[in-house]
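Printed here is final15.cif (mmCIF, N, CA and C atoms):
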data_target
loop_
_atom_site.label_atom_id
_atom_site.label_comp_id
_atom_site.auth_asym_id
_atom_site.auth_seq_id
_atom_site.Cartn_x
_atom_site.Cartn_y
_atom_site.Cartn_z
N VAL Q 212 63.11 34.53 26.92
CA VAL Q 212 63.17 33.36 27.77
C VAL Q 212 61.90 32.53 27.73
N GLU Q 213 60.89 32.99 27.03
CA GLU Q 213 59.68 32.17 26.95
C GLU Q 213 59.96 30.85 26.25
N LEU Q 214 61.10 30.74 25.55
CA LEU Q 214 61.48 29.47 24.93
C LEU Q 214 61.68 28.38 25.97
N CYS Q 215 61.99 28.77 27.21
CA CYS Q 215 62.23 27.80 28.28
C CYS Q 215 60.96 27.48 29.06
N ASP Q 216 59.84 28.05 28.67
CA ASP Q 216 58.60 27.89 29.43
C ASP Q 216 58.21 26.42 29.62
N ASP Q 217 58.51 25.59 28.64
CA ASP Q 217 58.13 24.18 28.74
C ASP Q 217 58.92 23.42 29.80
N ALA Q 218 59.94 24.06 30.36
CA ALA Q 218 60.71 23.42 31.44
C ALA Q 218 59.95 23.47 32.76
N PHE Q 219 58.84 24.21 32.82
CA PHE Q 219 58.09 24.39 34.06
C PHE Q 219 56.66 23.90 33.93
N ALA Q 220 56.14 23.36 35.03
CA ALA Q 220 54.74 22.92 35.06
C ALA Q 220 53.81 24.12 34.94
N ALA Q 221 54.13 25.22 35.62
CA ALA Q 221 53.34 26.45 35.53
C ALA Q 221 54.10 27.44 34.65
N PRO Q 222 53.47 28.01 33.65
CA PRO Q 222 54.17 28.90 32.72
C PRO Q 222 54.68 30.16 33.40
N MET Q 223 55.78 30.69 32.87
CA MET Q 223 56.33 31.92 33.42
C MET Q 223 56.32 33.07 32.42
N PHE Q 224 56.55 32.80 31.14
CA PHE Q 224 56.79 33.88 30.21
C PHE Q 224 55.90 33.90 28.97
N SER Q 225 55.20 32.85 28.69
CA SER Q 225 54.42 32.80 27.45
C SER Q 225 53.06 33.47 27.64
N SER Q 226 52.24 33.37 26.61
CA SER Q 226 50.90 33.95 26.69
C SER Q 226 50.07 33.28 27.77
N ARG Q 227 50.49 32.13 28.26
CA ARG Q 227 49.79 31.44 29.34
C ARG Q 227 50.06 32.07 30.70
N VAL Q 228 50.87 33.12 30.72
CA VAL Q 228 51.30 33.72 31.98
C VAL Q 228 50.15 34.26 32.82
N ALA Q 229 49.04 34.58 32.22
CA ALA Q 229 47.89 35.08 32.97
C ALA Q 229 47.43 34.08 34.03
N GLU Q 230 47.83 32.81 33.87
CA GLU Q 230 47.47 31.79 34.84
C GLU Q 230 48.19 32.00 36.18
N ARG Q 231 49.24 32.80 36.20
CA ARG Q 231 50.03 33.02 37.42
C ARG Q 231 49.72 34.39 37.98
N GLU Q 232 48.98 34.42 39.08
CA GLU Q 232 48.54 35.68 39.68
C GLU Q 232 49.71 36.52 40.20
N GLU Q 233 50.76 35.88 40.66
CA GLU Q 233 51.87 36.60 41.28
C GLU Q 233 52.90 37.09 40.27
N TYR Q 234 52.65 36.93 39.00
CA TYR Q 234 53.62 37.23 37.95
C TYR Q 234 54.15 38.66 38.02
N GLU Q 235 53.29 39.65 38.11
CA GLU Q 235 53.72 41.04 38.09
C GLU Q 235 54.64 41.36 39.27
N ALA Q 236 54.29 40.89 40.46
CA ALA Q 236 55.12 41.13 41.64
C ALA Q 236 56.46 40.41 41.51
N LEU Q 237 56.43 39.21 40.96
CA LEU Q 237 57.66 38.43 40.80
C LEU Q 237 58.62 39.11 39.83
N VAL Q 238 58.12 39.54 38.70
CA VAL Q 238 58.97 40.21 37.72
C VAL Q 238 59.50 41.53 38.27
N SER Q 239 58.69 42.24 39.03
CA SER Q 239 59.14 43.48 39.64
C SER Q 239 60.29 43.21 40.62
N LYS Q 240 60.17 42.15 41.39
CA LYS Q 240 61.22 41.77 42.34
C LYS Q 240 62.50 41.41 41.60
N TRP Q 241 62.37 40.65 40.51
CA TRP Q 241 63.54 40.30 39.71
C TRP Q 241 64.21 41.56 39.17
N HIS Q 242 63.39 42.51 38.72
CA HIS Q 242 63.93 43.73 38.12
C HIS Q 242 64.76 44.52 39.12
N THR Q 243 64.34 44.55 40.38
CA THR Q 243 65.04 45.37 41.36
C THR Q 243 66.17 44.64 42.10
N SER Q 244 66.11 43.31 42.20
CA SER Q 244 67.05 42.61 43.09
C SER Q 244 67.80 41.44 42.49
N ALA Q 245 67.43 40.96 41.34
CA ALA Q 245 67.98 39.69 40.86
C ALA Q 245 69.03 39.89 39.78
N VAL Q 246 69.85 38.87 39.65
CA VAL Q 246 70.80 38.76 38.55
C VAL Q 246 70.25 37.64 37.66
N VAL Q 247 70.15 37.90 36.38
CA VAL Q 247 69.64 36.90 35.45
C VAL Q 247 70.78 36.49 34.53
N MET Q 248 70.98 35.18 34.38
CA MET Q 248 72.03 34.66 33.51
C MET Q 248 71.39 33.71 32.52
N CYS Q 249 71.99 33.59 31.35
CA CYS Q 249 71.47 32.60 30.42
C CYS Q 249 72.62 31.94 29.68
N VAL Q 250 72.36 30.71 29.21
CA VAL Q 250 73.31 29.97 28.39
C VAL Q 250 72.87 30.16 26.96
N ARG Q 251 73.81 30.57 26.12
CA ARG Q 251 73.44 30.82 24.74
C ARG Q 251 74.60 30.44 23.83
N ASN Q 252 74.27 29.77 22.78
CA ASN Q 252 75.21 29.55 21.70
C ASN Q 252 74.61 30.32 20.54
N ILE Q 253 73.92 29.65 19.67
CA ILE Q 253 73.14 30.34 18.65
C ILE Q 253 71.75 30.61 19.21
N ASN Q 254 71.23 29.68 19.97
CA ASN Q 254 69.91 29.78 20.57
C ASN Q 254 70.03 29.88 22.09
N ILE Q 255 69.03 30.47 22.71
CA ILE Q 255 68.97 30.45 24.17
C ILE Q 255 68.67 29.03 24.61
N LYS Q 256 69.48 28.51 25.52
CA LYS Q 256 69.32 27.15 25.99
C LYS Q 256 68.68 27.09 27.37
N GLY Q 257 68.93 28.10 28.19
CA GLY Q 257 68.38 28.11 29.54
C GLY Q 257 68.76 29.38 30.26
N TYR Q 258 68.25 29.53 31.47
CA TYR Q 258 68.53 30.74 32.25
C TYR Q 258 68.42 30.44 33.73
N ALA Q 259 69.00 31.34 34.53
CA ALA Q 259 68.90 31.28 35.98
C ALA Q 259 68.61 32.67 36.50
N VAL Q 260 67.80 32.73 37.55
CA VAL Q 260 67.54 33.99 38.25
C VAL Q 260 68.08 33.80 39.66
N LEU Q 261 68.94 34.71 40.09
CA LEU Q 261 69.67 34.56 41.33
C LEU Q 261 69.56 35.82 42.18
N TYR Q 262 69.35 35.63 43.48
CA TYR Q 262 69.45 36.71 44.46
C TYR Q 262 70.71 36.45 45.28
N ALA Q 263 71.60 37.40 45.31
CA ALA Q 263 72.81 37.29 46.12
C ALA Q 263 72.99 38.60 46.88
N ASN Q 264 71.95 38.98 47.62
CA ASN Q 264 71.94 40.30 48.25
C ASN Q 264 71.63 40.27 49.75
N ASP Q 265 71.65 39.12 50.37
CA ASP Q 265 71.36 39.03 51.80
C ASP Q 265 72.68 39.07 52.57
N SER Q 266 73.12 40.26 52.93
CA SER Q 266 74.40 40.40 53.60
C SER Q 266 74.36 39.92 55.06
N TYR Q 267 73.18 39.77 55.62
CA TYR Q 267 73.07 39.29 57.01
C TYR Q 267 73.32 37.79 57.09
N THR Q 268 72.57 37.00 56.30
CA THR Q 268 72.73 35.54 56.34
C THR Q 268 73.82 35.06 55.39
N ARG Q 269 74.20 35.93 54.43
CA ARG Q 269 75.16 35.58 53.38
C ARG Q 269 74.72 34.33 52.63
N ARG Q 270 73.44 34.32 52.33
CA ARG Q 270 72.81 33.20 51.62
C ARG Q 270 72.26 33.71 50.29
N ALA Q 271 72.72 33.12 49.20
CA ALA Q 271 72.19 33.43 47.87
C ALA Q 271 71.08 32.43 47.56
N PHE Q 272 70.16 32.83 46.70
CA PHE Q 272 69.02 31.97 46.39
C PHE Q 272 68.76 31.99 44.88
N VAL Q 273 68.74 30.80 44.29
CA VAL Q 273 68.38 30.63 42.88
C VAL Q 273 66.87 30.47 42.85
N SER Q 274 66.18 31.51 42.38
CA SER Q 274 64.71 31.43 42.40
C SER Q 274 64.15 30.80 41.14
N MET Q 275 64.92 30.78 40.07
CA MET Q 275 64.48 30.14 38.82
C MET Q 275 65.68 29.54 38.13
N LEU Q 276 65.52 28.33 37.63
CA LEU Q 276 66.51 27.69 36.78
C LEU Q 276 65.73 26.94 35.73
N GLY Q 277 65.88 27.33 34.48
CA GLY Q 277 65.13 26.69 33.41
C GLY Q 277 66.03 26.38 32.24
N VAL Q 278 65.96 25.15 31.76
CA VAL Q 278 66.70 24.73 30.58
C VAL Q 278 65.69 24.14 29.61
N ARG Q 279 65.75 24.60 28.37
CA ARG Q 279 64.84 24.08 27.36
C ARG Q 279 64.95 22.57 27.30
N PRO Q 280 63.84 21.86 27.21
CA PRO Q 280 63.88 20.39 27.24
C PRO Q 280 64.86 19.77 26.25
N GLU Q 281 64.98 20.33 25.07
CA GLU Q 281 65.89 19.73 24.08
C GLU Q 281 67.36 19.94 24.42
N PHE Q 282 67.66 20.78 25.41
CA PHE Q 282 69.04 21.01 25.82
C PHE Q 282 69.33 20.44 27.21
N GLN Q 283 68.37 19.78 27.82
CA GLN Q 283 68.60 19.18 29.12
C GLN Q 283 69.54 17.99 28.97
N ARG Q 284 70.25 17.69 30.04
CA ARG Q 284 71.26 16.61 30.08
C ARG Q 284 72.45 16.90 29.16
N GLN Q 285 72.72 18.20 28.95
CA GLN Q 285 73.88 18.61 28.14
C GLN Q 285 74.75 19.60 28.93
N ASN Q 286 74.65 19.58 30.25
CA ASN Q 286 75.44 20.41 31.16
C ASN Q 286 75.04 21.88 31.20
N CYS Q 287 73.94 22.26 30.59
CA CYS Q 287 73.51 23.67 30.65
C CYS Q 287 73.15 24.07 32.07
N GLY Q 288 72.36 23.25 32.75
CA GLY Q 288 71.99 23.54 34.13
C GLY Q 288 73.20 23.56 35.05
N LYS Q 289 74.11 22.64 34.84
CA LYS Q 289 75.34 22.59 35.62
C LYS Q 289 76.15 23.88 35.41
N TYR Q 290 76.25 24.33 34.18
CA TYR Q 290 76.98 25.56 33.86
C TYR Q 290 76.32 26.76 34.53
N LEU Q 291 74.99 26.84 34.46
CA LEU Q 291 74.27 27.95 35.07
C LEU Q 291 74.46 27.98 36.59
N LEU Q 292 74.36 26.82 37.23
CA LEU Q 292 74.55 26.78 38.69
C LEU Q 292 75.99 27.10 39.07
N ALA Q 293 76.95 26.69 38.26
CA ALA Q 293 78.35 27.05 38.54
C ALA Q 293 78.53 28.56 38.45
N ALA Q 294 77.88 29.19 37.48
CA ALA Q 294 77.95 30.65 37.36
C ALA Q 294 77.28 31.32 38.56
N CYS Q 295 76.17 30.75 39.02
CA CYS Q 295 75.50 31.28 40.22
C CYS Q 295 76.40 31.18 41.43
N GLU Q 296 77.08 30.04 41.59
CA GLU Q 296 78.00 29.86 42.71
C GLU Q 296 79.14 30.87 42.65
N GLU Q 297 79.74 31.01 41.48
CA GLU Q 297 80.86 31.93 41.33
C GLU Q 297 80.45 33.37 41.64
N PHE Q 298 79.32 33.79 41.10
CA PHE Q 298 78.85 35.15 41.36
C PHE Q 298 78.53 35.33 42.84
N SER Q 299 77.91 34.33 43.45
CA SER Q 299 77.54 34.40 44.87
C SER Q 299 78.78 34.51 45.75
N ARG Q 300 79.80 33.73 45.44
CA ARG Q 300 81.06 33.84 46.21
C ARG Q 300 81.65 35.24 46.05
N TRP Q 301 81.64 35.75 44.83
CA TRP Q 301 82.16 37.10 44.57
C TRP Q 301 81.40 38.15 45.38
N LYS Q 302 80.09 37.92 45.60
CA LYS Q 302 79.27 38.84 46.40
C LYS Q 302 79.40 38.58 47.90
N GLY Q 303 80.23 37.60 48.30
CA GLY Q 303 80.46 37.34 49.72
C GLY Q 303 79.47 36.38 50.36
N MET Q 304 78.70 35.66 49.57
CA MET Q 304 77.74 34.71 50.11
C MET Q 304 78.46 33.43 50.54
N LYS Q 305 77.92 32.76 51.53
CA LYS Q 305 78.54 31.51 51.99
C LYS Q 305 77.71 30.28 51.65
N THR Q 306 76.42 30.46 51.37
CA THR Q 306 75.60 29.32 50.94
C THR Q 306 74.77 29.72 49.71
N LEU Q 307 74.41 28.70 48.97
CA LEU Q 307 73.54 28.86 47.80
C LEU Q 307 72.36 27.92 48.01
N ALA Q 308 71.15 28.43 47.86
CA ALA Q 308 69.95 27.63 48.10
C ALA Q 308 69.01 27.73 46.91
N LEU Q 309 68.09 26.81 46.84
CA LEU Q 309 67.07 26.79 45.80
C LEU Q 309 65.89 25.96 46.27
N GLU Q 310 64.77 26.10 45.60
CA GLU Q 310 63.57 25.34 45.92
C GLU Q 310 63.27 24.40 44.77
N VAL Q 311 62.92 23.18 45.08
CA VAL Q 311 62.60 22.19 44.05
C VAL Q 311 61.27 21.51 44.40
N SER Q 312 60.43 21.34 43.40
CA SER Q 312 59.14 20.70 43.58
C SER Q 312 59.31 19.25 43.99
N ARG Q 313 58.43 18.77 44.85
CA ARG Q 313 58.45 17.36 45.25
C ARG Q 313 58.25 16.43 44.05
N LYS Q 314 57.60 16.94 43.02
CA LYS Q 314 57.34 16.14 41.81
C LYS Q 314 58.55 16.07 40.89
N ASN Q 315 59.53 16.92 41.11
CA ASN Q 315 60.68 17.01 40.22
C ASN Q 315 61.79 16.06 40.68
N ILE Q 316 61.59 14.77 40.49
CA ILE Q 316 62.54 13.75 40.93
C ILE Q 316 63.89 13.92 40.23
N ASN Q 317 63.86 14.17 38.91
CA ASN Q 317 65.11 14.37 38.17
C ASN Q 317 65.87 15.59 38.67
N GLY Q 318 65.13 16.65 38.98
CA GLY Q 318 65.77 17.85 39.51
C GLY Q 318 66.44 17.59 40.84
N MET Q 319 65.76 16.88 41.74
CA MET Q 319 66.34 16.58 43.04
C MET Q 319 67.62 15.77 42.89
N GLU Q 320 67.60 14.80 42.01
CA GLU Q 320 68.78 13.98 41.75
C GLU Q 320 69.93 14.85 41.19
N PHE Q 321 69.59 15.73 40.26
CA PHE Q 321 70.56 16.64 39.66
C PHE Q 321 71.20 17.54 40.72
N TYR Q 322 70.40 18.14 41.57
CA TYR Q 322 70.93 19.05 42.60
C TYR Q 322 71.79 18.29 43.61
N ARG Q 323 71.36 17.09 44.01
CA ARG Q 323 72.17 16.29 44.94
C ARG Q 323 73.52 15.94 44.31
N HIS Q 324 73.50 15.61 43.02
CA HIS Q 324 74.73 15.29 42.30
C HIS Q 324 75.70 16.47 42.32
N LEU Q 325 75.18 17.69 42.34
CA LEU Q 325 76.01 18.89 42.36
C LEU Q 325 76.35 19.36 43.78
N GLY Q 326 76.00 18.56 44.79
CA GLY Q 326 76.41 18.86 46.16
C GLY Q 326 75.36 19.54 47.02
N PHE Q 327 74.17 19.75 46.50
CA PHE Q 327 73.09 20.34 47.30
C PHE Q 327 72.49 19.27 48.20
N ARG Q 328 72.05 19.69 49.37
CA ARG Q 328 71.42 18.78 50.32
C ARG Q 328 70.09 19.36 50.78
N GLU Q 329 69.15 18.47 51.08
CA GLU Q 329 67.85 18.91 51.56
C GLU Q 329 68.02 19.60 52.91
N GLU Q 330 67.44 20.78 52.99
CA GLU Q 330 67.53 21.57 54.21
C GLU Q 330 66.17 21.73 54.89
N GLU Q 331 65.12 21.79 54.10
CA GLU Q 331 63.79 22.06 54.64
C GLU Q 331 62.73 21.40 53.75
N GLN Q 332 61.70 20.88 54.40
CA GLN Q 332 60.56 20.33 53.66
C GLN Q 332 59.40 21.30 53.74
N ARG Q 333 58.77 21.51 52.60
CA ARG Q 333 57.57 22.33 52.53
C ARG Q 333 56.44 21.46 51.99
N GLU Q 334 55.26 22.02 51.94
CA GLU Q 334 54.10 21.24 51.52
C GLU Q 334 54.29 20.61 50.14
N ASN Q 335 54.74 21.39 49.18
CA ASN Q 335 54.87 20.89 47.81
C ASN Q 335 56.29 20.93 47.28
N SER Q 336 57.24 21.24 48.15
CA SER Q 336 58.61 21.39 47.66
C SER Q 336 59.62 21.16 48.78
N TYR Q 337 60.88 21.19 48.38
CA TYR Q 337 62.00 21.11 49.31
C TYR Q 337 62.90 22.31 49.07
N ILE Q 338 63.57 22.76 50.11
CA ILE Q 338 64.64 23.74 49.98
C ILE Q 338 65.94 22.96 50.06
N TYR Q 339 66.76 23.12 49.06
CA TYR Q 339 68.09 22.50 49.03
C TYR Q 339 69.12 23.62 49.20
N SER Q 340 70.23 23.30 49.82
CA SER Q 340 71.30 24.30 49.96
C SER Q 340 72.66 23.63 49.85
N LYS Q 341 73.64 24.50 49.65
CA LYS Q 341 75.02 24.03 49.47
C LYS Q 341 75.95 25.10 50.02
N ASN Q 342 76.96 24.67 50.78
CA ASN Q 342 78.01 25.59 51.22
C ASN Q 342 78.91 25.88 50.02
N ILE Q 343 79.20 27.15 49.80
CA ILE Q 343 79.98 27.50 48.62
C ILE Q 343 81.33 28.16 48.97
N LEU Q 344 81.63 28.33 50.25
CA LEU Q 344 82.94 28.88 50.64
C LEU Q 344 83.87 27.80 51.08
#
Now, as a test, write the supplied structure out as structure tokens.
Amino acid sequence: VELCDDAFAAPMFSSRVAEREEYEALVSKWHTSAVVMCVRNINIKGYAVLYANDSYTRRAFVSMLGVRPEFQRQNCGKYLLAACEEFSRWKGMKTLALEVSRKNINGMEFYRHLGFREEEQRENSYIYSKNIL
């Protein structure tokens, strides 16, 4: 998945990963609790990391969504989010949420187009959510 690293301002998987102090804890959390999906034809086009394990709030959370720049605007992100929604419904979740950087104007537009709405403002980001039941 380091092929998708250029989709992010801060690297996640390449040799530049040492720049992210929380990397080891994040990957450990993914290993124990997350579902990882990717879009692939001949090449990996993108991936999503999803948590759908909160049985109390029944809220799933997409913690990572990355599509290689050369495959953006080709429905890869839409396909990945649809898979996240389907899996989340299957797990009994009623909402799907994600975090988007305030700088990611295209991302915010994309998520709104898919039915997500701003739920919370943070210092450098927004939490968007969508009812999926």
- Message: Between atom N of Q:Thr268 and atom C of Q:Leu325, what is the distance in Å, rounded to a tenth?
- Response: 22.0 Å
- Message: For stretch 293-308 of chain Q, find every residue with an atom within 8 Å (counting only C-alpha atoms), except residues of its own chain fewer than 2 positions away, and show them as a list of chain:residue names.
- Response: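 Neighbouring residues, sequence-local ones excluded: Q:Ala259, Q:Leu261, Q:Ala263, Q:Asn264, Q:Asp265, Q:Ser266, Q:Arg269, Q:Arg270, Q:Ala271, Q:Phe272, Q:Val273, Q:Lys289, Q:Tyr290, Q:Leu291, Q:Glu310, Q:Phe327, Q:Ile338, Q:Tyr339, Q:Ser340, Q:Lys341, Q:Asn342, Q:Ile343, Q:Leu344.
As for atom CA of Q:Cys287 and atom CA of Q:Tyr258, they are spaced 8.8 Å apart.
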- What is the atom CA of Q:Gln332-atom N of Q:Glu320 distance in Å, reported with one decimal?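 One can read the atom CA of Q:Gln332 to atom N of Q:Glu320 distance as 14.7 Å.
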